>>> print(open('entry22.csv').read())   # CSV, C-alpha atoms and all ligand atoms
chain,number,residue,atom,x,y,z
Z,1,MET,CA,89.7,118.7,116.2
Z,2,LYS,CA,92.9,118.0,118.0
Z,3,LYS,CA,92.9,115.0,120.3
Z,4,ILE,CA,95.7,114.4,122.7
Z,5,LEU,CA,96.9,110.8,122.9
Z,6,GLU,CA,96.4,109.1,126.3
Z,7,MET,CA,99.7,108.9,128.3
Z,8,SER,CA,99.3,105.1,128.2
Z,9,LYS,CA,99.9,105.2,124.4
Z,10,LYS,CA,103.5,106.5,125.0
Z,11,VAL,CA,105.8,103.5,124.6
Z,12,ASP,CA,108.8,103.4,126.9
Z,13,SER,CA,112.0,103.3,124.8
Z,14,VAL,CA,113.8,100.8,127.1
Z,15,GLU,CA,110.7,98.5,126.9
Z,16,VAL,CA,111.0,98.8,123.1
Z,17,VAL,CA,114.6,97.7,123.1
Z,18,LYS,CA,113.8,94.9,125.6
Z,19,SER,CA,111.1,93.5,123.3
Z,20,TYR,CA,113.5,93.6,120.3
Z,21,LEU,CA,115.9,91.5,122.3
Z,22,SER,CA,113.5,89.1,123.8
Z,23,ASP,CA,111.0,88.5,121.0
Z,24,LYS,CA,112.8,86.5,118.2
Z,25,THR,CA,110.1,87.7,115.7
Z,26,TYR,CA,111.9,91.0,115.1
Z,27,TYR,CA,115.1,89.1,114.3
Z,28,ASP,CA,113.4,86.7,111.9
Z,29,ALA,CA,111.3,89.4,110.3
Z,30,LEU,CA,114.4,91.5,109.5
Z,31,ILE,CA,115.9,88.5,107.7
Z,32,ILE,CA,112.8,87.8,105.7
Z,33,GLN,CA,112.2,91.5,104.9
Z,34,SER,CA,115.8,91.9,103.7
Z,35,GLU,CA,115.2,89.0,101.3
Z,36,ILE,CA,111.9,90.6,100.1
Z,37,LEU,CA,113.7,93.9,99.4
Z,38,GLY,CA,116.7,92.2,97.7
Z,39,SER,CA,114.6,89.8,95.6
Z,40,SER,CA,112.1,92.5,94.5
Z,41,ARG,CA,115.0,94.8,93.4
Z,42,GLU,CA,116.7,91.9,91.5
Z,43,PHE,CA,113.4,91.0,89.8
Z,44,LEU,CA,112.7,94.5,88.6
Z,45,VAL,CA,116.2,95.3,87.5
Z,46,GLU,CA,116.2,92.1,85.5
Z,47,ARG,CA,113.0,93.3,83.8
Z,48,GLY,CA,114.6,96.6,82.7
Z,49,PHE,CA,113.4,98.9,85.5
Z,50,VAL,CA,115.5,101.7,86.9
Z,51,GLU,CA,115.5,102.5,90.7
Z,52,MET,CA,114.9,106.1,91.7
Z,53,LEU,CA,115.4,107.6,95.1
Z,54,PRO,CA,112.2,108.4,97.0
Z,55,VAL,CA,110.7,111.8,97.5
Z,56,ILE,CA,110.1,112.7,101.1
Z,57,ILE,CA,108.7,116.2,100.9
Z,58,SER,CA,107.1,118.0,97.9
Z,59,THR,CA,104.6,120.7,96.9
Z,60,ILE,CA,102.3,118.0,95.8
Z,61,THR,CA,101.3,114.6,97.2
Z,62,ASP,CA,98.6,111.9,97.1
Z,63,PRO,CA,95.2,113.2,98.5
Z,64,LEU,CA,94.4,109.6,99.6
Z,65,ASN,CA,90.9,108.3,99.5
Z,66,HIS,CA,90.5,108.3,103.3
Z,67,ASP,CA,91.0,110.8,106.1
Z,68,VAL,CA,94.4,111.1,107.8
Z,69,LEU,CA,95.8,113.8,110.0
Z,70,ASP,CA,97.7,116.4,108.1
Z,71,ALA,CA,101.6,116.4,107.9
Z,72,GLN,CA,103.2,119.6,106.5
Z,73,ILE,CA,106.5,121.4,106.9
Z,74,ASP,CA,106.9,125.1,106.7
Z,75,TYR,CA,109.9,126.2,104.7
Z,76,TYR,CA,110.7,130.0,104.4
Z,77,GLY,CA,106.9,130.7,104.3
Z,78,TYR,CA,106.2,127.9,101.7
Z,79,LYS,CA,104.4,124.7,102.5
Z,80,TYR,CA,105.8,121.3,101.9
Z,81,TYR,CA,103.7,118.2,102.1
Z,82,VAL,CA,105.3,115.0,103.6
Z,83,THR,CA,104.8,112.3,101.0
Z,84,LYS,CA,101.7,110.2,101.5
Z,85,SER,CA,102.5,108.4,98.3
Z,86,MET,CA,104.7,109.2,95.3
Z,87,ILE,CA,102.0,108.7,92.7
Z,88,LEU,CA,102.1,112.2,91.2
Z,89,GLN,CA,105.9,112.1,91.0
Z,90,LYS,CA,105.8,108.7,89.4
Z,91,GLN,CA,103.7,110.1,86.6
Z,92,VAL,CA,106.3,112.7,85.9
Z,93,SER,CA,109.3,110.3,86.4
Z,94,VAL,CA,108.2,108.0,83.6
Z,95,LEU,CA,108.8,110.9,81.2
Z,96,VAL,CA,112.5,110.5,82.1
Z,97,HIS,CA,112.7,106.7,82.2
Z,98,ASP,CA,109.7,104.6,81.1
Z,99,LYS,CA,110.1,101.9,83.8
Z,100,ILE,CA,110.8,103.1,87.3
Z,101,PHE,CA,110.6,101.8,90.8
Z,102,SER,CA,111.4,103.2,94.3
Z,103,PHE,CA,111.2,102.0,97.9
Z,104,SER,CA,109.3,105.0,99.0
Z,105,PRO,CA,108.7,106.0,102.7
Z,106,ASN,CA,105.1,107.2,103.1
Z,107,LEU,CA,103.7,109.2,106.1
Z,108,ARG,CA,100.0,108.7,106.7
Z,109,LEU,CA,98.9,109.9,110.1
Z,110,GLU,CA,96.1,107.3,110.5
Z,111,LYS,CA,93.5,107.6,113.2
Z,112,GLU,CA,94.2,105.4,116.2
Z,113,GLU,CA,91.2,103.2,115.5
Z,114,LYS,CA,93.2,101.8,112.5
Z,115,TYR,CA,95.5,99.9,114.9
Z,116,ASP,CA,93.1,96.9,115.1
Z,117,SER,CA,93.4,96.3,111.3
Z,118,GLY,CA,96.8,94.8,111.9
Z,119,ARG,CA,97.8,96.3,108.5
Z,120,HIS,CA,98.5,100.0,109.3
Z,121,LEU,CA,101.6,101.8,110.2
Z,122,ILE,CA,101.7,105.6,110.1
Z,123,ASP,CA,105.2,105.5,108.6
Z,124,PHE,CA,105.6,102.7,106.1
Z,125,VAL,CA,107.5,101.9,102.9
Z,126,GLN,CA,105.9,100.9,99.6
Z,127,LEU,CA,107.7,99.6,96.6
Z,128,ASP,CA,106.3,102.0,94.0
Z,129,ILE,CA,106.3,101.0,90.3
Z,130,GLU,CA,105.2,102.9,87.2
Z,131,ILE,CA,105.5,102.2,83.5
Z,132,LYS,CA,104.8,104.5,80.6
Z,133,ASN,CA,102.2,103.4,78.0
Z,134,LYS,CA,101.1,100.2,79.8
Z,135,LYS,CA,97.7,98.8,80.6
Z,136,ARG,CA,96.7,97.7,84.0
Z,137,GLU,CA,96.6,94.0,83.0
Z,138,GLU,CA,100.4,94.2,82.3
Z,139,ILE,CA,101.1,95.6,85.7
Z,140,MET,CA,99.0,92.9,87.4
Z,141,ASP,CA,100.8,90.3,85.4
Z,142,LEU,CA,104.1,91.8,86.4
Z,143,MET,CA,103.2,91.9,90.1
Z,144,GLU,CA,102.0,88.3,90.0
Z,145,ASP,CA,105.5,87.3,88.7
Z,146,LEU,CA,107.2,89.5,91.4
Z,147,ILE,CA,105.2,88.0,94.3
Z,148,ILE,CA,105.8,84.4,93.0
Z,149,TYR,CA,109.6,85.2,92.5
Z,150,VAL,CA,109.9,86.7,96.0
Z,151,ILE,CA,107.9,83.9,97.8
Z,152,ARG,CA,109.9,81.2,95.9
Z,153,ASN,CA,113.2,82.7,97.0
Z,154,VAL,CA,112.1,83.1,100.6
Z,155,LEU,CA,110.9,79.5,100.7
Z,156,GLU,CA,114.1,78.2,99.1
Z,157,LYS,CA,116.4,80.1,101.4
Z,158,TYR,CA,114.4,80.4,104.7
Z,159,SER,CA,112.1,77.4,104.9
Z,160,ASP,CA,113.0,76.9,108.6
Z,161,ILE,CA,111.8,80.4,109.5
Z,162,ILE,CA,108.6,80.1,107.4
Z,163,GLU,CA,107.9,76.7,108.9
Z,164,LYS,CA,107.9,78.3,112.3
Z,165,TYR,CA,105.6,81.2,111.5
Z,166,HIS,CA,103.5,80.4,108.5
Z,167,PRO,CA,103.7,76.7,107.6
Z,168,SER,CA,100.7,76.9,105.2
Z,169,LEU,CA,102.5,79.5,103.0
Z,170,LYS,CA,102.7,78.3,99.4
Z,171,ILE,CA,103.9,79.7,96.1
Z,172,PRO,CA,100.8,81.2,94.5
Z,173,SER,CA,99.7,80.0,91.0
Z,174,LYS,CA,99.2,82.3,88.1
Z,175,PRO,CA,96.9,83.9,87.0
Z,176,PHE,CA,95.4,85.2,90.3
Z,177,LYS,CA,91.6,85.3,90.3
Z,178,LYS,CA,90.0,88.7,89.4
Z,179,ILE,CA,86.7,89.9,90.7
Z,180,SER,CA,85.1,93.3,90.2
Z,181,VAL,CA,84.1,95.3,93.3
Z,182,LYS,CA,80.5,95.3,92.1
Z,183,LYS,CA,80.4,91.5,91.9
Z,184,ALA,CA,82.2,91.2,95.3
Z,185,LYS,CA,79.6,93.4,96.9
Z,186,GLU,CA,76.8,91.4,95.5
Z,187,LEU,CA,78.3,88.2,96.8
Z,188,TYR,CA,79.7,89.3,100.2
Z,189,GLY,CA,78.0,92.6,101.1
Z,190,ASP,CA,79.9,95.6,102.6
Z,191,GLU,CA,82.5,93.4,104.3
Z,192,TYR,CA,83.5,92.0,100.9
Z,193,GLU,CA,87.2,92.7,101.2
Z,194,LYS,CA,87.5,91.1,104.6
Z,195,LEU,CA,85.4,88.0,103.6
Z,196,LEU,CA,87.1,87.5,100.3
Z,197,SER,CA,90.5,87.5,102.0
Z,198,GLU,CA,89.4,85.2,104.8
Z,199,GLN,CA,87.8,82.7,102.5
Z,200,SER,CA,90.6,82.5,100.0
Z,201,ASP,CA,93.8,80.5,100.0
Z,202,GLN,CA,95.4,82.3,97.0
Z,203,PRO,CA,96.0,86.0,96.5
Z,204,LEU,CA,93.4,87.6,94.3
Z,205,TRP,CA,92.6,90.9,92.5
Z,206,LEU,CA,89.8,93.3,93.2
Z,207,ILE,CA,89.2,95.4,90.1
Z,208,ASP,CA,87.0,98.2,88.7
Z,209,PHE,CA,86.5,100.3,91.8
Z,210,PRO,CA,83.5,102.7,91.7
Z,211,ILE,CA,84.6,106.1,90.6
Z,212,LEU,CA,84.1,107.9,94.0
Z,213,GLU,CA,85.8,105.1,96.0
Z,214,ARG,CA,89.3,105.9,94.8
Z,215,GLU,CA,91.6,108.9,94.1
Z,216,PHE,CA,91.3,111.2,91.1
Z,217,TYR,CA,94.4,109.9,89.4
Z,218,ASP,CA,93.1,106.3,88.7
Z,219,LYS,CA,91.8,106.3,85.2
Z,220,GLN,CA,88.0,106.4,84.5
Z,221,ASP,CA,87.0,103.5,82.2
Z,222,PRO,CA,86.1,105.1,78.9
Z,223,LYS,CA,83.6,102.3,78.3
Z,224,ASN,CA,81.9,102.6,81.7
Z,225,SER,CA,82.2,106.0,83.4
Z,226,ASP,CA,81.1,104.7,86.8
Z,227,ILE,CA,84.2,102.6,87.3
Z,228,LEU,CA,88.0,103.0,87.2
Z,229,LEU,CA,90.7,101.0,85.5
Z,230,ASP,CA,92.3,100.1,88.8
Z,231,PHE,CA,93.0,97.2,91.2
Z,232,ASP,CA,93.9,96.1,94.7
Z,233,LEU,CA,95.6,92.8,95.5
Z,234,ILE,CA,94.0,90.9,98.4
Z,235,TYR,CA,96.2,88.5,100.3
Z,236,PRO,CA,94.5,85.2,101.3
Z,237,GLU,CA,93.9,83.9,104.9
Z,238,GLY,CA,92.6,87.2,106.2
Z,239,PHE,CA,95.7,89.2,105.6
Z,240,GLY,CA,93.8,91.7,103.5
Z,241,GLU,CA,94.9,94.4,101.0
Z,242,GLY,CA,98.5,94.6,99.9
Z,243,ILE,CA,98.7,96.5,96.6
Z,244,SER,CA,96.8,99.4,95.1
Z,245,GLY,CA,97.3,100.5,91.5
Z,246,GLY,CA,95.8,101.2,88.1
Z,247,GLU,CA,96.0,103.1,84.9
Z,248,ARG,CA,96.3,106.9,85.3
Z,249,GLU,CA,94.5,110.0,84.2
Z,250,HIS,CA,97.0,112.1,82.2
Z,251,GLU,CA,94.9,114.6,80.3
Z,252,TYR,CA,94.5,118.0,81.9
Z,253,GLU,CA,90.8,118.5,81.5
Z,254,GLN,CA,90.0,115.1,82.7
Z,255,ILE,CA,92.3,115.5,85.7
Z,256,VAL,CA,90.6,118.7,86.7
Z,257,LYS,CA,87.2,117.1,86.3
Z,258,ARG,CA,88.2,114.2,88.5
Z,259,ILE,CA,89.7,116.4,91.2
Z,260,LYS,CA,86.5,118.5,91.3
Z,261,LEU,CA,84.3,115.4,91.4
Z,262,LYS,CA,86.2,114.2,94.5
Z,263,GLY,CA,85.9,117.7,96.0
Z,264,ASN,CA,89.6,117.9,96.5
Z,265,GLY,CA,90.3,121.6,95.7
Z,266,LEU,CA,92.6,122.5,92.8
Z,267,GLU,CA,94.9,124.7,94.9
Z,268,SER,CA,96.8,121.7,96.4
Z,269,TYR,CA,97.7,120.4,93.0
Z,270,GLU,CA,98.9,123.7,91.3
Z,271,ASP,CA,102.3,122.4,90.4
Z,272,TYR,CA,101.0,119.1,89.1
Z,273,LEU,CA,98.2,120.8,87.1
Z,274,LYS,CA,100.7,123.1,85.4
Z,275,ILE,CA,102.6,120.2,84.1
Z,276,ALA,CA,99.5,118.4,83.0
Z,277,LYS,CA,98.2,121.6,81.3
Z,278,GLU,CA,101.4,121.9,79.3
Z,279,GLY,CA,100.6,118.4,78.0
Z,280,TYR,CA,103.7,116.7,79.4
Z,281,LEU,CA,101.9,113.8,81.1
Z,282,GLU,CA,101.6,110.6,79.2
Z,283,GLN,CA,99.6,107.4,79.6
Z,284,SER,CA,101.0,105.2,82.4
Z,285,ALA,CA,100.1,102.5,84.8
Z,286,GLY,CA,101.6,101.3,88.0
Z,287,CYS,CA,101.1,100.3,91.6
Z,288,GLY,CA,102.5,100.2,95.1
Z,289,ILE,CA,103.1,97.1,97.2
Z,290,GLY,CA,103.4,97.7,100.9
Z,291,ILE,CA,106.7,96.2,102.2
Z,292,GLU,CA,105.6,95.7,105.8
Z,293,ARG,CA,102.3,94.1,104.7
Z,294,PHE,CA,104.1,91.8,102.3
Z,295,THR,CA,106.4,90.8,105.2
Z,296,ARG,CA,103.5,90.3,107.5
Z,297,PHE,CA,101.7,88.1,105.0
Z,298,ILE,CA,104.8,85.9,104.3
Z,299,LEU,CA,105.4,85.4,108.0
Z,300,GLY,CA,101.7,85.2,108.9
Z,301,LEU,CA,102.0,87.7,111.7
Z,302,ASP,CA,99.1,89.3,113.6
Z,303,HIS,CA,100.4,92.9,113.2
Z,304,VAL,CA,102.7,94.8,110.8
Z,305,GLU,CA,104.3,96.6,113.7
Z,306,LYS,CA,106.3,93.4,114.3
Z,307,THR,CA,107.8,93.5,110.8
Z,308,ARG,CA,110.3,96.3,111.3
Z,309,LEU,CA,112.3,98.1,114.0
Z,310,PHE,CA,110.9,101.5,115.1
Z,311,GLY,CA,107.5,100.7,113.5
Z,312,LYS,CA,104.9,103.4,114.3
Z,313,ALA,CA,101.5,101.9,114.8
Z,314,PRO,CA,98.4,104.1,114.7
Z,315,GLY,CA,97.7,105.7,118.1
Z,316,LYS,CA,101.1,104.9,119.6
Z,317,PHE,CA,103.9,107.3,120.3
Z,318,THR,CA,107.3,105.7,120.2
Z,319,ILE,CA,111.0,106.0,119.5
Z,401,LIG,N1,97.8,104.9,95.0
Z,401,LIG,C1,98.6,103.9,95.5
Z,401,LIG,C2,98.9,104.1,96.9
Z,401,LIG,O1,98.1,103.7,97.7
Z,401,LIG,C3,99.9,103.6,94.7
Z,401,LIG,C4,99.6,103.6,93.3
Z,401,LIG,O2,98.5,103.6,92.8
Z,401,LIG,O3,100.6,103.4,92.6
Z,401,LIG,O4,99.9,104.7,97.3
Z,402,MG,MG,95.6,100.8,99.0
>>> encode(input="entry22.csv", output="structure tokens")
Amino acid sequence: MKKILEMSKKVDSVEVVKSYLSDKTYYDALIIQSEILGSSREFLVERGFVEMLPVIISTITDPLNHDVLDAQIDYYGYKYYVTKSMILQKQVSVLVHDKIFSFSPNLRLEKEEKYDSGRHLIDFVQLDIEIKNKKREEIMDLMEDLIIYVIRNVLEKYSDIIEKYHPSLKIPSKPFKKISVKKAKELYGDEYEKLLSEQSDQPLWLIDFPILEREFYDKQDPKNSDILLDFDLIYPEGFGEGISGGEREHEYEQIVKRIKLKGNGLESYEDYLKIAKEGYLEQSAGCGIGIERFTRFILGLDHVEKTRLFGKAPGKFTI
């Protein structure tokens, strides 16, 4: 059902510019975000990764595990999806170079209710990483090192800014705690993610999501078919989820089974399934870390919309 946004949700463009000039947060956030981008890139290149350019439109994209409004482009009678995440392209890219990353713009037309989470933009960037023939533990270990490297650099170079916005920020210690979703639900009930985040002062990993709670491409655990070999990173102090990732399904039959299980419809994945059927896909693992959420956490801000210029928050219509 189409719903028209209320007129009050249209943000005046001059007011937008005025807020950029009067609220110093935008200025400081740009500096910190620039450091996050630079430090992450430096870290990954040092570890032997190759940067690839992002895919903006494609015949295939991430189905996502939650409902968003659809974004498609008609091109000479064919249909392009606007990228919701580059996951399916990452699986193909590691056939060319086995350690890749990309700063990938994702369009997810979230429902307006998502505004209050403080963590959603409908147009955001994630640092996407994928490695061939790796297990999820190695990805989690890599991301712990990346987060520590970035936060250390930010604190060394911009302690004055951090002191102003998020004085309690500290360099996390390795290894981050891991807790299964099952265990977290037993301990905290349905609000487990929120409560875990609020009650923690260190980032932590949620692992082993139940099979129907995540997308078809996260690998089913061969030892326990109810759960997936995947993970989310939860920032402390109530800042919530910041990374999703896992090992991937790469065998054709299994992919088809998983798509059907999710009720996703095979038609939307025709090009991807052809590649899988020919046996090209290989085992891989990877993840995506949201750049605006990482910036929000480091600065301790109430909403990700303050972390970039021209940010599009759910339910708002703006320049
Ligand atoms: N699926 C993740 C996402 O939310 C990324 C990943 O698994 O690599 O975009
Ligand atoms: Mg996620």
>>> atom_distance(input="entry22.csv", atom1="CA of Phe103 (chain Z)", atom2="CA of Asp218 (chain Z)")
20.8 Å
>>> closest_residue(input="entry22.csv", among="Z:Leu266, Z:Leu64, Z:Val154, Z:Leu127", to="ligand MG 402 (chain Z)", atoms="all atoms listed in the file")
Z:Leu64
>>> closest_residue(input="entry22.csv", among="Z:Lys260, Z:Lys79, Z:Lys90, Z:His303", to="Tyr115 (chain Z)", atoms="all atoms listed in the file")
Z:His303
>>> residues_near_point(input="entry22.csv", point="(83.9, 104.0, 86.9)", cutoff="7 Å", atoms="only C-alpha atoms", output="list in words")
Asp208, Phe209, Pro210, Ile211, Gln220, Asp221, Asn224, Ser225, Asp226, Ile227 and Leu228 of chain Z
>>> write_last_selection(input="entry22.csv", atoms="C-alpha atoms", output="PDB file, in the frame of the given file")
ATOM      1  CA  ASP Z 208      87.000  98.200  88.700  1.00  0.00           C
ATOM      2  CA  PHE Z 209      86.500 100.300  91.800  1.00  0.00           C
ATOM      3  CA  PRO Z 210      83.500 102.700  91.700  1.00  0.00           C
ATOM      4  CA  ILE Z 211      84.600 106.100  90.600  1.00  0.00           C
ATOM      5  CA  GLN Z 220      88.000 106.400  84.500  1.00  0.00           C
ATOM      6  CA  ASP Z 221      87.000 103.500  82.200  1.00  0.00           C
ATOM      7  CA  ASN Z 224      81.900 102.600  81.700  1.00  0.00           C
ATOM      8  CA  SER Z 225      82.200 106.000  83.400  1.00  0.00           C
ATOM      9  CA  ASP Z 226      81.100 104.700  86.800  1.00  0.00           C
ATOM     10  CA  ILE Z 227      84.200 102.600  87.300  1.00  0.00           C
ATOM     11  CA  LEU Z 228      88.000 103.000  87.200  1.00  0.00           C
TER      12      LEU Z 228
END
>>> residues_near_ligand(input="entry22.csv", ligand="ligand MG 402 (chain Z)", cutoff="7 Å", atoms="only C-alpha atoms and all ligand atoms", output="PyMOL selection string")
chain Z and resi 232+241-244
>>> residues_near_ligand(input="entry22.csv", ligand="ligand LIG 401 (chain Z)", cutoff="8 Å", atoms="all atoms listed in the file", output="list in words")
Asp62, Leu64, Lys84, Ser85, Met86, Ile87, Gln126, Asp128, Ile129, Glu130, Glu215, Asp218, Ile243, Ser244, Gly245, Gly246, Ala285, Gly286, Cys287, Gly288 and Ile289 of chain Z
>>> residues_around(input="entry22.csv", residues="region 178-181 of chain Z", least_positions_apart="2", cutoff="12 Å", atoms="only C-alpha atoms", output="number ranges by chain")
Z: 137, 140-141, 174-176, 183-193, 196, 202-211, 213-214, 226-234
>>> residues_around(input="entry22.csv", residues="Leu169 (chain Z)", least_positions_apart="6", cutoff="9 Å", atoms="only C-alpha atoms", output="ChimeraX atom specification")
/Z:151,155,162-163,297-300
>>> atom_distance(input="entry22.csv", atom1="CA of Ser197 (chain Z)", atom2="CA of Arg152 (chain Z)")
21.3 Å
>>> atom_distance(input="entry22.csv", atom1="CA of Tyr158 (chain Z)", atom2="CA of Leu30 (chain Z)")
12.1 Å
>>> closest_residue(input="entry22.csv", among="Z:Ser117, Z:Ser168, Z:Thr83, Z:Thr307", to="Asp28 (chain Z)", atoms="all atoms listed in the file")
Z:Thr307
>>> closest_residue(input="entry22.csv", among="Z:Thr295, Z:Ser268, Z:Asn133, Z:Gln199", to="Glu247 (chain Z)", atoms="only C-alpha atoms")
Z:Asn133
>>> closest_residue(input="entry22.csv", among="Z:Val125, Z:Ala276, Z:Pro167, Z:Leu261", to="Gln33 (chain Z)", atoms="only C-alpha atoms")
Z:Val125
>>> build_atoms(input="entry22.csv", residues="region 193-201 of chain Z", atoms="all heavy atoms", output="PDB file, in the coordinates of the input")
ATOM      1  N   GLU Z 193      85.785  92.853 101.218  1.00  0.00           N
ATOM      2  CA  GLU Z 193      87.200  92.700 101.200  1.00  0.00           C
ATOM      3  C   GLU Z 193      87.723  91.725 102.261  1.00  0.00           C
ATOM      4  O   GLU Z 193      88.519  90.827 102.003  1.00  0.00           O
ATOM      5  CB  GLU Z 193      87.901  94.079 101.373  1.00  0.00           C
ATOM      6  CG  GLU Z 193      89.389  94.045 101.153  1.00  0.00           C
ATOM      7  CD  GLU Z 193      90.062  95.389 101.448  1.00  0.00           C
ATOM      8  OE1 GLU Z 193      89.599  96.422 100.925  1.00  0.00           O
ATOM      9  OE2 GLU Z 193      91.037  95.373 102.216  1.00  0.00           O
ATOM     10  N   LYS Z 194      87.190  91.904 103.450  1.00  0.00           N
ATOM     11  CA  LYS Z 194      87.500  91.100 104.600  1.00  0.00           C
ATOM     12  C   LYS Z 194      87.156  89.590 104.308  1.00  0.00           C
ATOM     13  O   LYS Z 194      87.966  88.673 104.466  1.00  0.00           O
ATOM     14  CB  LYS Z 194      86.811  91.581 105.814  1.00  0.00           C
ATOM     15  CG  LYS Z 194      87.120  90.896 107.105  1.00  0.00           C
ATOM     16  CD  LYS Z 194      86.520  91.725 108.264  1.00  0.00           C
ATOM     17  CE  LYS Z 194      86.659  91.021 109.582  1.00  0.00           C
ATOM     18  NZ  LYS Z 194      85.697  89.928 109.768  1.00  0.00           N
ATOM     19  N   LEU Z 195      85.917  89.403 103.858  1.00  0.00           N
ATOM     20  CA  LEU Z 195      85.400  88.000 103.600  1.00  0.00           C
ATOM     21  C   LEU Z 195      86.147  87.344 102.495  1.00  0.00           C
ATOM     22  O   LEU Z 195      86.499  86.167 102.594  1.00  0.00           O
ATOM     23  CB  LEU Z 195      83.910  88.066 103.379  1.00  0.00           C
ATOM     24  CG  LEU Z 195      83.083  88.536 104.586  1.00  0.00           C
ATOM     25  CD1 LEU Z 195      81.618  88.702 104.216  1.00  0.00           C
ATOM     26  CD2 LEU Z 195      83.221  87.555 105.755  1.00  0.00           C
ATOM     27  N   LEU Z 196      86.398  88.106 101.420  1.00  0.00           N
ATOM     28  CA  LEU Z 196      87.100  87.500 100.300  1.00  0.00           C
ATOM     29  C   LEU Z 196      88.514  87.041 100.759  1.00  0.00           C
ATOM     30  O   LEU Z 196      88.961  85.955 100.397  1.00  0.00           O
ATOM     31  CB  LEU Z 196      87.358  88.584  99.212  1.00  0.00           C
ATOM     32  CG  LEU Z 196      86.378  88.642  98.056  1.00  0.00           C
ATOM     33  CD1 LEU Z 196      86.699  89.836  97.176  1.00  0.00           C
ATOM     34  CD2 LEU Z 196      86.433  87.355  97.237  1.00  0.00           C
ATOM     35  N   SER Z 197      89.158  87.884 101.543  1.00  0.00           N
ATOM     36  CA  SER Z 197      90.500  87.500 102.000  1.00  0.00           C
ATOM     37  C   SER Z 197      90.451  86.311 102.934  1.00  0.00           C
ATOM     38  O   SER Z 197      91.239  85.378 102.791  1.00  0.00           O
ATOM     39  CB  SER Z 197      91.098  88.741 102.772  1.00  0.00           C
ATOM     40  OG  SER Z 197      92.342  88.393 103.322  1.00  0.00           O
ATOM     41  N   GLU Z 198      89.487  86.301 103.854  1.00  0.00           N
ATOM     42  CA  GLU Z 198      89.400  85.200 104.800  1.00  0.00           C
ATOM     43  C   GLU Z 198      89.072  83.867 104.148  1.00  0.00           C
ATOM     44  O   GLU Z 198      89.534  82.810 104.568  1.00  0.00           O
ATOM     45  CB  GLU Z 198      88.341  85.498 105.873  1.00  0.00           C
ATOM     46  CG  GLU Z 198      88.831  86.505 106.903  1.00  0.00           C
ATOM     47  CD  GLU Z 198      87.716  87.017 107.825  1.00  0.00           C
ATOM     48  OE1 GLU Z 198      86.561  86.559 107.694  1.00  0.00           O
ATOM     49  OE2 GLU Z 198      88.015  87.895 108.657  1.00  0.00           O
ATOM     50  N   GLN Z 199      88.248  83.949 103.070  1.00  0.00           N
ATOM     51  CA  GLN Z 199      87.800  82.700 102.500  1.00  0.00           C
ATOM     52  C   GLN Z 199      88.686  82.188 101.343  1.00  0.00           C
ATOM     53  O   GLN Z 199      88.410  81.164 100.738  1.00  0.00           O
ATOM     54  CB  GLN Z 199      86.353  82.891 101.937  1.00  0.00           C
ATOM     55  CG  GLN Z 199      85.371  83.077 103.083  1.00  0.00           C
ATOM     56  CD  GLN Z 199      83.971  83.404 102.605  1.00  0.00           C
ATOM     57  OE1 GLN Z 199      83.640  83.194 101.436  1.00  0.00           O
ATOM     58  NE2 GLN Z 199      83.152  83.915 103.498  1.00  0.00           N
ATOM     59  N   SER Z 200      89.754  82.927 101.075  1.00  0.00           N
ATOM     60  CA  SER Z 200      90.600  82.500 100.000  1.00  0.00           C
ATOM     61  C   SER Z 200      91.930  81.921 100.464  1.00  0.00           C
ATOM     62  O   SER Z 200      92.404  82.275 101.545  1.00  0.00           O
ATOM     63  CB  SER Z 200      90.893  83.769  99.112  1.00  0.00           C
ATOM     64  OG  SER Z 200      91.709  83.420  98.041  1.00  0.00           O
ATOM     65  N   ASP Z 201      92.466  80.991  99.675  1.00  0.00           N
ATOM     66  CA  ASP Z 201      93.800  80.500 100.000  1.00  0.00           C
ATOM     67  C   ASP Z 201      94.844  80.865  98.985  1.00  0.00           C
ATOM     68  O   ASP Z 201      95.967  80.384  98.998  1.00  0.00           O
ATOM     69  CB  ASP Z 201      93.776  78.963 100.277  1.00  0.00           C
ATOM     70  CG  ASP Z 201      93.437  78.186  99.018  1.00  0.00           C
ATOM     71  OD1 ASP Z 201      93.044  78.832  98.004  1.00  0.00           O
ATOM     72  OD2 ASP Z 201      93.564  76.950  99.037  1.00  0.00           O
TER      73      ASP Z 201
END
